[in-house]
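What follows is the content of entry_13.cif (mmCIF, C-alpha atoms and all ligand atoms).
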```cif
data_work
#
loop_
_atom_site.label_atom_id
_atom_site.label_comp_id
_atom_site.auth_asym_id
_atom_site.auth_seq_id
_atom_site.Cartn_x
_atom_site.Cartn_y
_atom_site.Cartn_z
CA MET A 1 14.61 -54.65 -138.02
CA SER A 2 14.35 -53.11 -141.48
CA ARG A 3 13.27 -55.62 -144.07
CA SER A 4 10.81 -55.81 -146.90
CA VAL A 5 7.71 -58.03 -146.68
CA LYS A 6 6.51 -59.64 -149.90
CA VAL A 7 2.79 -59.08 -150.22
CA ALA A 8 0.09 -60.20 -152.66
CA VAL A 9 -2.89 -57.85 -153.04
CA LEU A 10 -6.03 -59.75 -154.09
CA GLY A 11 -8.83 -57.67 -155.60
CA ALA A 12 -6.12 -55.14 -156.43
CA CYS A 13 -8.12 -53.12 -158.95
CA GLY A 14 -11.12 -52.28 -156.76
CA TRP A 15 -11.53 -49.44 -154.28
CA MET A 16 -9.76 -51.14 -151.38
CA GLY A 17 -7.17 -52.82 -153.61
CA LYS A 18 -6.09 -49.43 -154.90
CA VAL A 19 -5.89 -47.87 -151.41
CA HIS A 20 -3.94 -50.86 -150.06
CA THR A 21 -1.50 -50.94 -153.01
CA MET A 22 -0.82 -47.23 -152.67
CA SER A 23 -0.38 -47.48 -148.89
CA TYR A 24 2.25 -50.24 -149.04
CA GLN A 25 4.27 -48.11 -151.41
CA ASN A 26 3.98 -45.02 -149.17
CA ILE A 27 5.26 -46.61 -145.95
CA PRO A 28 8.85 -45.28 -146.28
CA PHE A 29 7.62 -41.74 -146.99
CA ILE A 30 5.35 -41.58 -143.94
CA PHE A 31 6.87 -43.86 -141.31
CA GLY A 32 10.40 -44.49 -142.60
CA SER A 33 11.85 -47.92 -143.30
CA ASP A 34 13.14 -49.07 -139.92
CA LYS A 35 9.92 -50.90 -138.89
CA GLY A 36 9.62 -52.74 -142.17
CA THR A 37 8.56 -51.95 -145.70
CA ALA A 38 6.59 -53.91 -148.28
CA GLU A 39 7.27 -55.17 -151.77
CA ILE A 40 4.17 -55.83 -153.84
CA ALA A 41 4.94 -59.22 -155.35
CA TRP A 42 1.50 -59.93 -156.84
CA LEU A 43 -1.50 -57.96 -158.04
CA VAL A 44 -4.52 -60.21 -158.53
CA ASP A 45 -7.87 -59.15 -159.93
CA GLY A 46 -10.69 -60.80 -161.86
CA SER A 47 -10.76 -57.89 -164.31
CA ALA A 48 -7.97 -58.53 -166.86
CA PRO A 49 -8.06 -55.02 -168.47
CA ALA A 50 -7.90 -53.27 -165.07
CA LEU A 51 -5.10 -55.60 -164.03
CA GLU A 52 -3.10 -54.76 -167.10
CA LYS A 53 -3.26 -51.05 -166.26
CA ALA A 54 -2.41 -51.64 -162.57
CA GLY A 55 0.48 -53.92 -163.52
CA ARG A 56 2.09 -51.08 -165.49
CA LEU A 57 2.10 -48.96 -162.31
CA VAL A 58 3.80 -51.69 -160.25
CA PRO A 59 6.16 -53.17 -162.85
CA ASN A 60 7.92 -55.59 -160.49
CA ALA A 61 4.67 -57.29 -159.46
CA GLN A 62 3.44 -60.47 -161.09
CA THR A 63 -0.21 -60.35 -162.13
CA SER A 64 -2.96 -62.96 -162.29
CA THR A 65 -6.73 -63.19 -162.47
CA ASP A 66 -6.54 -66.26 -160.20
CA TRP A 67 -5.85 -65.66 -156.48
CA ARG A 68 -4.57 -69.24 -156.14
CA ALA A 69 -1.43 -68.36 -158.13
CA ALA A 70 -0.36 -65.77 -155.54
CA VAL A 71 -1.31 -67.92 -152.55
CA ALA A 72 0.83 -70.77 -153.95
CA ASP A 73 3.95 -68.61 -154.39
CA PRO A 74 6.40 -69.70 -151.64
CA SER A 75 8.12 -66.29 -151.61
CA VAL A 76 4.93 -64.44 -150.59
CA GLU A 77 4.66 -63.83 -146.82
CA LEU A 78 1.51 -61.74 -146.58
CA ILE A 79 -1.81 -62.25 -148.35
CA ASP A 80 -3.96 -59.10 -148.46
CA ILE A 81 -7.63 -59.82 -149.24
CA CYS A 82 -9.64 -57.00 -150.86
CA LEU A 83 -12.09 -59.34 -152.61
CA PRO A 84 -15.89 -59.30 -152.25
CA ASP A 85 -17.08 -60.54 -148.84
CA SER A 86 -18.16 -64.06 -149.80
CA LEU A 87 -14.59 -64.97 -150.84
CA HIS A 88 -12.87 -63.86 -147.62
CA HIS A 89 -13.15 -67.12 -145.68
CA GLN A 90 -12.19 -69.41 -148.56
CA VAL A 91 -9.16 -67.34 -149.57
CA ALA A 92 -8.00 -66.60 -146.00
CA LYS A 93 -8.21 -70.28 -145.08
CA ALA A 94 -6.21 -71.34 -148.14
CA ALA A 95 -3.57 -68.68 -147.36
CA LEU A 96 -3.28 -69.62 -143.66
CA LEU A 97 -2.96 -73.30 -144.54
CA GLN A 98 -0.07 -72.32 -146.85
CA GLY A 99 1.59 -70.64 -143.84
CA LYS A 100 0.94 -67.05 -144.99
CA HIS A 101 0.16 -64.12 -142.71
CA VAL A 102 -3.26 -62.73 -143.64
CA TYR A 103 -4.68 -59.22 -143.68
CA CYS A 104 -8.35 -59.41 -144.64
CA GLU A 105 -10.82 -56.65 -145.35
CA LYS A 106 -13.95 -56.63 -143.24
CA PRO A 107 -16.21 -58.50 -142.80
CA LEU A 108 -13.75 -61.25 -141.88
CA ALA A 109 -16.11 -64.09 -142.85
CA ASN A 110 -19.70 -64.93 -143.71
CA THR A 111 -20.41 -66.49 -140.31
CA ALA A 112 -18.87 -66.63 -136.84
CA THR A 113 -18.20 -70.34 -137.35
CA GLU A 114 -16.04 -69.52 -140.37
CA ALA A 115 -14.28 -66.71 -138.47
CA ARG A 116 -13.58 -69.06 -135.54
CA GLU A 117 -12.01 -71.57 -137.92
CA LEU A 118 -9.70 -68.88 -139.35
CA ALA A 119 -8.67 -67.60 -135.90
CA ASP A 120 -7.94 -71.17 -134.77
CA ILE A 121 -5.80 -72.05 -137.80
CA ALA A 122 -3.84 -68.80 -137.43
CA ALA A 123 -3.26 -69.42 -133.70
CA GLU A 124 -2.17 -73.00 -134.30
CA LYS A 125 0.31 -71.93 -136.98
CA GLY A 126 1.49 -68.77 -135.15
CA LEU A 127 0.59 -66.47 -138.04
CA VAL A 128 -0.10 -62.73 -137.97
CA THR A 129 -3.72 -61.79 -138.68
CA ARG A 130 -5.47 -58.48 -139.10
CA VAL A 131 -8.96 -57.37 -140.10
CA GLY A 132 -9.17 -54.15 -142.14
CA HIS A 133 -11.46 -51.84 -140.20
CA ALA A 134 -9.32 -48.73 -140.84
CA PHE A 135 -11.53 -46.11 -139.12
CA PRO A 136 -10.47 -46.87 -135.52
CA ARG A 137 -6.84 -46.33 -136.51
CA ASN A 138 -7.42 -42.61 -136.84
CA PRO A 139 -5.36 -41.33 -133.88
CA ILE A 140 -8.39 -39.50 -132.43
CA HIS A 141 -9.62 -42.93 -131.31
CA ASP A 142 -6.32 -43.52 -129.48
CA VAL A 143 -7.23 -40.37 -127.50
CA ALA A 144 -10.71 -41.84 -126.85
CA LYS A 145 -9.22 -45.15 -125.69
CA ASP A 146 -6.72 -43.39 -123.46
CA ILE A 147 -9.48 -41.32 -121.81
CA ILE A 148 -11.55 -44.47 -121.20
CA ASP A 149 -8.63 -46.63 -119.99
CA SER A 150 -7.39 -43.93 -117.61
CA GLY A 151 -10.82 -43.89 -115.94
CA GLU A 152 -11.53 -40.25 -116.79
CA ILE A 153 -15.16 -40.96 -117.74
CA GLY A 154 -15.62 -43.63 -115.06
CA ASP A 155 -17.60 -46.79 -115.72
CA ILE A 156 -19.26 -46.86 -119.12
CA LYS A 157 -23.04 -47.02 -118.84
CA LEU A 158 -24.32 -46.15 -122.30
CA PHE A 159 -23.00 -46.43 -125.87
CA LYS A 160 -24.77 -44.84 -128.84
CA ALA A 161 -23.50 -45.07 -132.41
CA CYS A 162 -24.51 -45.04 -136.04
CA GLN A 163 -23.10 -45.33 -139.54
CA HIS A 164 -25.09 -44.40 -142.64
CA VAL A 165 -24.53 -43.84 -146.34
CA ASP A 166 -27.03 -42.95 -149.06
CA VAL A 167 -25.45 -44.99 -151.86
CA LEU A 168 -28.65 -47.05 -152.24
CA GLY A 169 -30.98 -44.36 -150.85
CA ASP A 170 -32.55 -43.76 -154.24
CA PRO A 171 -34.80 -46.77 -155.02
CA ASN A 172 -33.58 -46.47 -158.64
CA ALA A 173 -29.89 -46.61 -157.70
CA PRO A 174 -28.51 -49.59 -159.63
CA PHE A 175 -27.76 -53.01 -158.23
CA MET A 176 -24.17 -53.75 -157.11
CA TRP A 177 -22.41 -56.78 -155.67
CA ARG A 178 -22.90 -55.43 -152.15
CA ALA A 179 -26.67 -55.97 -152.53
CA ASP A 180 -26.23 -59.58 -153.67
CA GLY A 181 -26.61 -62.10 -150.84
CA LYS A 182 -24.39 -64.56 -152.70
CA LEU A 183 -21.42 -62.15 -152.87
CA ALA A 184 -22.15 -60.27 -149.62
CA PRO A 185 -24.12 -62.72 -147.44
CA THR A 186 -24.40 -60.38 -144.42
CA GLY A 187 -25.36 -57.23 -146.35
CA ILE A 188 -25.11 -53.94 -144.50
CA VAL A 189 -24.64 -55.77 -141.18
CA GLY A 190 -21.23 -57.14 -142.18
CA ASP A 191 -20.46 -54.19 -144.42
CA THR A 192 -21.17 -51.15 -142.24
CA GLY A 193 -22.34 -52.65 -138.97
CA SER A 194 -19.01 -54.42 -138.55
CA HIS A 195 -17.29 -51.01 -138.48
CA VAL A 196 -19.49 -49.84 -135.60
CA PHE A 197 -18.94 -53.20 -133.87
CA SER A 198 -15.17 -52.68 -134.19
CA PHE A 199 -15.49 -49.40 -132.24
CA MET A 200 -17.62 -51.21 -129.66
CA GLU A 201 -15.04 -53.98 -129.22
CA ARG A 202 -12.19 -51.50 -129.01
CA LEU A 203 -13.70 -48.89 -126.72
CA VAL A 204 -16.43 -50.53 -124.63
CA GLY A 205 -15.89 -54.31 -124.57
CA ARG A 206 -17.60 -57.48 -125.65
CA VAL A 207 -21.33 -57.68 -126.33
CA SER A 208 -23.27 -60.29 -124.34
CA GLU A 209 -26.74 -60.05 -125.96
CA LEU A 210 -28.71 -58.04 -128.49
CA ILE A 211 -31.97 -57.57 -130.30
CA ALA A 212 -31.98 -56.29 -133.86
CA ASP A 213 -34.38 -55.35 -136.63
CA CYS A 214 -32.82 -55.88 -140.08
CA ALA A 215 -34.68 -55.03 -143.28
CA ILE A 216 -34.42 -54.96 -147.04
CA VAL A 217 -35.81 -51.53 -147.88
CA THR A 218 -35.77 -51.72 -151.71
CA HIS A 219 -36.38 -55.21 -153.07
CA LYS A 220 -35.46 -54.80 -156.75
CA ARG A 221 -32.90 -52.59 -158.44
CA PRO A 222 -32.01 -51.93 -162.10
CA VAL A 223 -28.94 -53.69 -163.47
CA VAL A 224 -26.36 -51.33 -165.00
CA ALA A 225 -23.09 -52.96 -166.10
CA GLY A 226 -20.09 -51.75 -164.15
CA PHE A 227 -22.06 -49.78 -161.54
CA ASN A 228 -20.24 -49.61 -158.21
CA TYR A 229 -19.54 -47.02 -155.52
CA GLY A 230 -18.60 -43.75 -157.16
CA SER A 231 -19.94 -44.48 -160.63
CA ALA A 232 -22.82 -42.61 -162.23
CA ALA A 233 -25.62 -44.41 -164.05
CA ALA A 234 -28.11 -42.92 -166.49
CA LEU A 235 -31.13 -45.23 -166.65
CA SER A 236 -32.95 -45.95 -169.92
CA GLY A 237 -35.91 -47.47 -168.11
CA THR A 238 -35.49 -50.77 -169.95
CA GLU A 239 -32.93 -52.32 -167.58
CA ASP A 240 -33.37 -55.79 -166.17
CA MET A 241 -34.19 -55.73 -162.46
CA ALA A 242 -32.16 -57.69 -159.89
CA GLU A 243 -33.44 -58.89 -156.53
CA VAL A 244 -31.74 -57.37 -153.45
CA THR A 245 -31.05 -60.39 -151.25
CA ASN A 246 -29.36 -58.96 -148.17
CA THR A 247 -30.04 -56.35 -145.50
CA ASP A 248 -30.20 -52.60 -146.32
CA ALA A 249 -30.73 -51.23 -142.79
CA THR A 250 -30.53 -52.30 -139.15
CA ASN A 251 -31.49 -50.91 -135.73
CA LEU A 252 -30.28 -52.70 -132.63
CA LEU A 253 -30.19 -52.63 -128.85
CA CYS A 254 -27.46 -54.49 -126.99
CA ARG A 255 -25.92 -55.17 -123.60
CA PHE A 256 -22.17 -55.38 -123.07
CA GLU A 257 -20.49 -57.90 -120.75
CA ASN A 258 -19.61 -54.97 -118.44
CA GLY A 259 -23.32 -54.11 -118.09
CA ALA A 260 -23.30 -51.05 -120.39
CA MET A 261 -26.30 -50.56 -122.68
CA GLY A 262 -25.93 -49.96 -126.41
CA ILE A 263 -28.10 -48.46 -129.11
CA VAL A 264 -26.87 -48.63 -132.71
CA ASP A 265 -28.25 -48.03 -136.20
CA PHE A 266 -26.73 -48.27 -139.66
CA SER A 267 -27.84 -48.36 -143.29
CA ARG A 268 -26.99 -47.77 -146.95
CA VAL A 269 -30.34 -46.11 -147.67
CA ALA A 270 -30.16 -42.87 -145.62
CA THR A 271 -31.02 -40.47 -148.44
CA GLY A 272 -28.79 -37.39 -148.28
CA ARG A 273 -26.36 -38.83 -145.70
CA LYS A 274 -23.26 -39.12 -147.87
CA PHE A 275 -21.31 -40.64 -144.99
CA MET A 276 -22.24 -40.46 -141.33
CA GLN A 277 -20.37 -42.17 -138.50
CA THR A 278 -20.77 -41.18 -134.86
CA TYR A 279 -20.41 -42.54 -131.35
CA GLU A 280 -21.25 -41.23 -127.91
CA ILE A 281 -19.97 -42.98 -124.78
CA TYR A 282 -21.45 -42.01 -121.42
CA GLY A 283 -19.77 -42.96 -118.15
CA THR A 284 -20.26 -42.33 -114.43
CA LYS A 285 -17.73 -39.45 -114.38
CA GLY A 286 -17.90 -38.01 -117.88
CA SER A 287 -18.44 -38.75 -121.53
CA ILE A 288 -16.92 -38.58 -125.00
CA ALA A 289 -18.49 -37.96 -128.40
CA TYR A 290 -17.13 -38.35 -131.95
CA ASP A 291 -18.58 -37.38 -135.31
CA TYR A 292 -16.86 -38.19 -138.63
CA ASP A 293 -17.84 -34.73 -139.92
CA GLU A 294 -15.09 -33.47 -137.59
CA VAL A 295 -12.94 -36.54 -138.03
CA ASN A 296 -9.98 -35.49 -135.86
CA ARG A 297 -12.02 -34.02 -133.00
CA LEU A 298 -13.24 -35.63 -129.80
CA ARG A 299 -15.72 -33.97 -127.48
CA PHE A 300 -14.99 -34.66 -123.82
CA TYR A 301 -17.09 -33.84 -120.77
CA THR A 302 -15.98 -34.38 -117.19
CA ASN A 303 -17.70 -33.98 -113.84
CA GLU A 304 -14.28 -32.90 -112.49
CA ASP A 305 -14.92 -29.43 -113.94
CA ARG A 306 -16.49 -27.12 -111.40
CA VAL A 307 -20.23 -26.61 -111.41
CA GLY A 308 -21.08 -23.65 -113.60
CA ARG A 309 -18.14 -24.31 -115.92
CA ARG A 310 -19.10 -27.78 -117.05
CA GLY A 311 -19.56 -28.44 -120.74
CA PHE A 312 -18.09 -30.43 -123.61
CA ARG A 313 -14.57 -29.41 -124.60
CA GLU A 314 -13.18 -30.06 -128.06
CA ILE A 315 -9.93 -32.00 -128.34
CA ASP A 316 -8.22 -31.96 -131.74
CA VAL A 317 -5.63 -34.70 -132.12
CA GLY A 318 -2.26 -33.22 -133.07
CA PRO A 319 1.47 -33.90 -133.32
CA GLU A 320 1.74 -34.86 -129.63
CA ASN A 321 0.40 -38.17 -131.01
CA ALA A 322 3.35 -39.80 -132.82
CA THR A 323 1.13 -41.38 -135.48
CA TYR A 324 -0.44 -38.00 -136.30
CA ALA A 325 3.01 -36.38 -136.29
CA ALA A 326 4.19 -38.85 -138.94
CA PHE A 327 1.83 -37.07 -141.36
CA LEU A 328 1.40 -33.49 -140.16
CA PRO A 329 3.05 -31.00 -137.80
CA ILE A 330 -0.09 -29.01 -136.91
CA ALA A 331 -3.30 -30.15 -135.19
CA ASN A 332 -6.62 -30.05 -137.06
CA PHE A 333 -5.01 -30.18 -140.52
CA ALA A 334 -6.85 -33.50 -140.40
CA LEU A 335 -6.15 -37.08 -141.26
CA GLY A 336 -8.88 -38.72 -143.35
CA TYR A 337 -9.85 -42.19 -144.45
CA ASN A 338 -6.79 -42.92 -146.59
CA GLU A 339 -4.46 -41.95 -143.76
CA SER A 340 -6.29 -44.37 -141.41
CA LYS A 341 -5.66 -47.08 -144.00
CA GLN A 342 -2.04 -45.99 -144.31
CA ILE A 343 -1.60 -46.35 -140.54
CA GLU A 344 -3.29 -49.76 -140.57
CA ILE A 345 -1.15 -51.05 -143.43
CA ALA A 346 2.11 -49.88 -141.84
CA GLU A 347 1.01 -51.71 -138.67
CA VAL A 348 0.26 -54.90 -140.61
CA VAL A 349 3.75 -54.84 -142.15
CA ARG A 350 5.27 -54.11 -138.74
CA SER A 351 3.37 -57.10 -137.27
CA VAL A 352 4.78 -59.39 -139.95
CA VAL A 353 8.32 -58.09 -139.35
CA THR A 354 8.19 -58.23 -135.52
CA GLY A 355 5.61 -60.99 -134.94
CA GLU A 356 3.68 -58.60 -132.66
CA GLN A 357 -0.08 -59.03 -133.21
CA MET A 358 -2.02 -55.78 -133.36
CA TRP A 359 -5.74 -55.12 -132.90
CA PRO A 360 -8.02 -56.14 -134.56
CA THR A 361 -6.72 -59.67 -135.12
CA PHE A 362 -8.92 -62.53 -136.33
CA GLU A 363 -9.85 -63.12 -132.64
CA SER A 364 -11.55 -59.71 -132.60
CA GLY A 365 -12.85 -60.42 -136.11
CA HIS A 366 -14.51 -63.51 -134.67
CA HIS A 367 -16.29 -61.54 -131.94
CA ILE A 368 -17.37 -58.89 -134.46
CA THR A 369 -18.72 -61.65 -136.72
CA GLN A 370 -20.59 -63.11 -133.72
CA ILE A 371 -22.37 -59.75 -133.38
CA VAL A 372 -23.20 -59.79 -137.11
CA ASP A 373 -24.61 -63.33 -136.81
CA ALA A 374 -26.61 -62.36 -133.73
CA CYS A 375 -28.18 -59.36 -135.52
CA LEU A 376 -29.37 -61.51 -138.42
CA ASP A 377 -30.54 -64.29 -136.10
CA SER A 378 -32.35 -61.92 -133.73
CA SER A 379 -34.12 -60.16 -136.58
CA ARG A 380 -35.25 -63.48 -138.07
CA ARG A 381 -36.52 -64.71 -134.70
CA ARG A 382 -37.80 -61.29 -133.49
CA GLN A 383 -36.13 -61.75 -130.07
CA TRP A 384 -33.05 -61.05 -127.90
CA VAL A 385 -30.20 -63.47 -128.58
CA PRO A 386 -27.17 -64.17 -126.36
CA ILE A 387 -23.57 -64.04 -127.60
CA THR A 388 -21.35 -66.59 -125.86
N1 LIG B 1 -12.32 -51.19 -144.40
C1 LIG B 1 -13.10 -50.39 -145.10
O1 LIG B 1 -13.36 -49.24 -144.73
C2 LIG B 1 -13.68 -50.89 -146.41
C3 LIG B 1 -14.17 -49.99 -147.36
C4 LIG B 1 -14.64 -50.51 -148.57
C5 LIG B 1 -14.65 -51.87 -148.79
N2 LIG B 1 -14.20 -52.72 -147.83
C6 LIG B 1 -14.19 -54.18 -148.06
O2 LIG B 1 -13.23 -54.48 -149.05
C7 LIG B 1 -13.68 -55.54 -149.88
C8 LIG B 1 -13.64 -55.06 -151.33
O3 LIG B 1 -14.52 -53.95 -151.45
P1 LIG B 1 -14.31 -52.84 -152.59
O4 LIG B 1 -15.20 -51.71 -152.25
O5 LIG B 1 -12.87 -52.60 -152.80
O6 LIG B 1 -14.93 -53.64 -153.84
P2 LIG B 1 -14.68 -53.37 -155.37
O7 LIG B 1 -15.86 -53.95 -156.07
O8 LIG B 1 -14.31 -51.95 -155.62
O9 LIG B 1 -13.38 -54.26 -155.67
C9 LIG B 1 -13.39 -55.66 -155.63
C10 LIG B 1 -12.34 -56.14 -156.67
O10 LIG B 1 -12.28 -57.55 -156.58
C11 LIG B 1 -12.19 -58.08 -157.91
N3 LIG B 1 -12.72 -59.45 -157.87
C12 LIG B 1 -13.99 -59.87 -157.68
N4 LIG B 1 -14.05 -61.21 -157.67
C13 LIG B 1 -12.77 -61.66 -157.89
C14 LIG B 1 -12.19 -62.95 -157.95
N5 LIG B 1 -12.91 -64.06 -157.82
N6 LIG B 1 -10.85 -63.03 -158.16
C15 LIG B 1 -10.10 -61.92 -158.30
N7 LIG B 1 -10.60 -60.66 -158.23
C16 LIG B 1 -11.92 -60.54 -158.02
C17 LIG B 1 -13.05 -57.15 -158.74
O11 LIG B 1 -12.69 -57.21 -160.12
C18 LIG B 1 -12.73 -55.79 -158.11
O12 LIG B 1 -11.67 -55.13 -158.74
C19 LIG B 1 -15.09 -55.89 -149.41
O13 LIG B 1 -15.04 -57.04 -148.61
C20 LIG B 1 -15.53 -54.69 -148.60
O14 LIG B 1 -16.41 -55.02 -147.53
C21 LIG B 1 -13.70 -52.25 -146.66
#
```
Would you give me this structure, written as structure tokens?
Ligand SMILES: NC(=O)c1ccc[n+]([C@@H]2O[C@H](COP(=O)([O-])OP(=O)(O)OC[C@H]3O[C@@H](n4cnc5c(N)ncnc54)[C@H](O)[C@@H]3O)[C@@H](O)[C@H]2O)c1
Amino acid sequence: MSRSVKVAVLGACGWMGKVHTMSYQNIPFIFGSDKGTAEIAWLVDGSAPALEKAGRLVPNAQTSTDWRAAVADPSVELIDICLPDSLHHQVAKAALLQGKHVYCEKPLANTATEARELADIAAEKGLVTRVGHAFPRNPIHDVAKDIIDSGEIGDIKLFKACQHVDVLGDPNAPFMWRADGKLAPTGIVGDTGSHVFSFMERLVGRVSELIADCAIVTHKRPVVAGFNYGSAAALSGTEDMAEVTNTDATNLLCRFENGAMGIVDFSRVATGRKFMQTYEIYGTKGSIAYDYDEVNRLRFYTNEDRVGRRGFREIDVGPENATYAAFLPIANFALGYNESKQIEIAEVVRSVVTGEQMWPTFESGHHITQIVDACLDSSRRRQWVPIT
């Protein structure tokens, strides 16, 4: 089964492009070569100077500032989209129509209608699809899924989750593409909310209705050339101001098809919260709780324990999980974000080699985008909206 998949990384010089490029190259070191490896055939990025530097690190790759060049190359099997959100649908559609397998960063598309179109084209052409949510691929969430699927916490009644960053917490933090409704039409809902929705889809099930309150918290931000996640910006006070045109923060209530209730909040303006991601899932027989601050640990409570000894126990994922063991021989040494991406990328390559679709495909991406749409629609209309 060992063969090398030719991949084109689009948006190769940004944060995700760098993590993806690195992860393709690491597959043989972590997982071996027998389930497929990748050859980076193209690096594409709109920034010519950054592309020149990246090209020197991957000398066999062709480079271009135009994604169409890579999509048109008949030898490329897999198109990997790490471009700003607004381009995802257009590029993914062009790639699928060319018969390419597509791995697309979240959010899959700007609207559920666009996501549906992508899922339908992929199904019709029998192509592999995958949305890049990364976080749920940390093996601790395999433990969570196993506990749920085996019935150990009974029927799920309540789901609580959040995800917050403080990147735009300071009202003077500069403008970036993520705050531009033209480049990121769904704002924090597609950006961060979609991650929480991916956990919901994976662990609880489909959402049937919701009510959401979405808000722009800071309406204008100073423009500082080159500002993005991770960069520092000293303000002179004379900067032009740009209008923030998408959502900064959202609170929502939802109902799942299985009757469970959900309560979720997320934002990019939680001052002091560098990165917060949690979920709690309560069932009729027990519960589980996860907090990114202890990223490899699940808290598990069961009514099976005898009265007087009941309490949350801490489960650290370890080498009994084959995916964890591929990286580390001892529990609680911890796998972080980049390892979750590494796992995801090895799975994408394996899907292309074997034809086996792996969660989350564009079908799941469509449902997640339906939730995003419903949040924005509900907030505009100030009422519950169904998801069908
Ligand atoms: N799964 C996750 O955890 C996760 C984390 C971060 C970002 N993302 C997603 O990944 C995508 C990229 O985000 P990022 O943080 O890497 O952004 P980024 O700004 O760091 O990188 C984007 C790159 O795309 C390039 N680019 C922009 N327009 C282009 C065009 N028309 N043609 C070619 N190149 C172009 C830019 O030059 C830049 O290098 C977004 O959709 C984002 O939502 C996902």
Is there a way to get, as a ChimeraX atom specification, all residues within 6 Å of the point (-11.6, -52.6, -140.1) in file coordinates, counting all atoms listed in the file?
/A:106,131-134
So which residues touch range 222-229 of chain A within 10 Å, counting all atoms listed in the file, skipping near sequence neighbours fewer than 6 positions away, as a VMD selection string?
chain A and resid 14 to 15 167 to 168 171 to 178 235 to 243
Set out as JSON lines a contact list for chain A and ligand LIG 1 (chain B) with a cut-off of 8 Å, giving each residue of chain A that qualifies its closest atom pair and distance in Å to one decimal, counting all atoms listed in the file, ordered by chain and rising residue number.
```
{"residue": "A:Leu10", "atom": "CA", "partner": "B:LIG1", "partner_atom": "N7", "distance": 6.2}
{"residue": "A:Gly11", "atom": "CA", "partner": "B:LIG1", "partner_atom": "O10", "distance": 3.6}
{"residue": "A:Ala12", "atom": "CA", "partner": "B:LIG1", "partner_atom": "O12", "distance": 6.0}
{"residue": "A:Cys13", "atom": "CA", "partner": "B:LIG1", "partner_atom": "O12", "distance": 4.1}
{"residue": "A:Gly14", "atom": "CA", "partner": "B:LIG1", "partner_atom": "O9", "distance": 3.2}
{"residue": "A:Trp15", "atom": "CA", "partner": "B:LIG1", "partner_atom": "O5", "distance": 3.7}
{"residue": "A:Met16", "atom": "CA", "partner": "B:LIG1", "partner_atom": "O5", "distance": 3.7}
{"residue": "A:Gly17", "atom": "CA", "partner": "B:LIG1", "partner_atom": "O5", "distance": 5.8}
{"residue": "A:Lys18", "atom": "CA", "partner": "B:LIG1", "partner_atom": "O5", "distance": 7.8}
{"residue": "A:Val44", "atom": "CA", "partner": "B:LIG1", "partner_atom": "C15", "distance": 5.8}
{"residue": "A:Asp45", "atom": "CA", "partner": "B:LIG1", "partner_atom": "N7", "distance": 3.6}
{"residue": "A:Gly46", "atom": "CA", "partner": "B:LIG1", "partner_atom": "N7", "distance": 3.6}
{"residue": "A:Ser47", "atom": "CA", "partner": "B:LIG1", "partner_atom": "O11", "distance": 4.7}
{"residue": "A:Ala50", "atom": "CA", "partner": "B:LIG1", "partner_atom": "O12", "distance": 7.6}
{"residue": "A:Thr65", "atom": "CA", "partner": "B:LIG1", "partner_atom": "C15", "distance": 5.5}
{"residue": "A:Asp66", "atom": "CA", "partner": "B:LIG1", "partner_atom": "N6", "distance": 5.8}
{"residue": "A:Trp67", "atom": "CA", "partner": "B:LIG1", "partner_atom": "N6", "distance": 5.9}
{"residue": "A:Ile81", "atom": "CA", "partner": "B:LIG1", "partner_atom": "C7", "distance": 7.4}
{"residue": "A:Cys82", "atom": "CA", "partner": "B:LIG1", "partner_atom": "C7", "distance": 4.4}
{"residue": "A:Leu83", "atom": "CA", "partner": "B:LIG1", "partner_atom": "O10", "distance": 4.4}
{"residue": "A:Pro84", "atom": "CA", "partner": "B:LIG1", "partner_atom": "O13", "distance": 4.4}
{"residue": "A:Asp85", "atom": "CA", "partner": "B:LIG1", "partner_atom": "O13", "distance": 4.1}
{"residue": "A:Ser86", "atom": "CA", "partner": "B:LIG1", "partner_atom": "O13", "distance": 7.8}
{"residue": "A:Leu87", "atom": "CA", "partner": "B:LIG1", "partner_atom": "N5", "distance": 7.2}
{"residue": "A:His88", "atom": "CA", "partner": "B:LIG1", "partner_atom": "O13", "distance": 7.2}
{"residue": "A:Glu105", "atom": "CA", "partner": "B:LIG1", "partner_atom": "O2", "distance": 4.9}
{"residue": "A:Lys106", "atom": "CA", "partner": "B:LIG1", "partner_atom": "O14", "distance": 5.2}
{"residue": "A:Pro107", "atom": "CA", "partner": "B:LIG1", "partner_atom": "O14", "distance": 5.9}
{"residue": "A:Gly132", "atom": "CA", "partner": "B:LIG1", "partner_atom": "N1", "distance": 4.9}
{"residue": "A:His133", "atom": "CA", "partner": "B:LIG1", "partner_atom": "N1", "distance": 4.3}
{"residue": "A:Ala134", "atom": "CA", "partner": "B:LIG1", "partner_atom": "N1", "distance": 5.3}
{"residue": "A:Phe135", "atom": "CA", "partner": "B:LIG1", "partner_atom": "O1", "distance": 6.7}
{"residue": "A:Trp177", "atom": "CA", "partner": "B:LIG1", "partner_atom": "O7", "distance": 7.1}
{"residue": "A:Arg178", "atom": "CA", "partner": "B:LIG1", "partner_atom": "O14", "distance": 8.0}
{"residue": "A:Ala184", "atom": "CA", "partner": "B:LIG1", "partner_atom": "O13", "distance": 7.9}
{"residue": "A:Gly190", "atom": "CA", "partner": "B:LIG1", "partner_atom": "O14", "distance": 7.5}
{"residue": "A:Asp191", "atom": "CA", "partner": "B:LIG1", "partner_atom": "O14", "distance": 5.2}
{"residue": "A:His195", "atom": "CA", "partner": "B:LIG1", "partner_atom": "O1", "distance": 7.6}
{"residue": "A:Asn228", "atom": "CA", "partner": "B:LIG1", "partner_atom": "O7", "distance": 6.5}
{"residue": "A:Tyr229", "atom": "CA", "partner": "B:LIG1", "partner_atom": "O4", "distance": 7.2}
{"residue": "A:Tyr337", "atom": "CA", "partner": "B:LIG1", "partner_atom": "O1", "distance": 7.9}
{"residue": "A:Lys341", "atom": "CA", "partner": "B:LIG1", "partner_atom": "N1", "distance": 7.8}
```
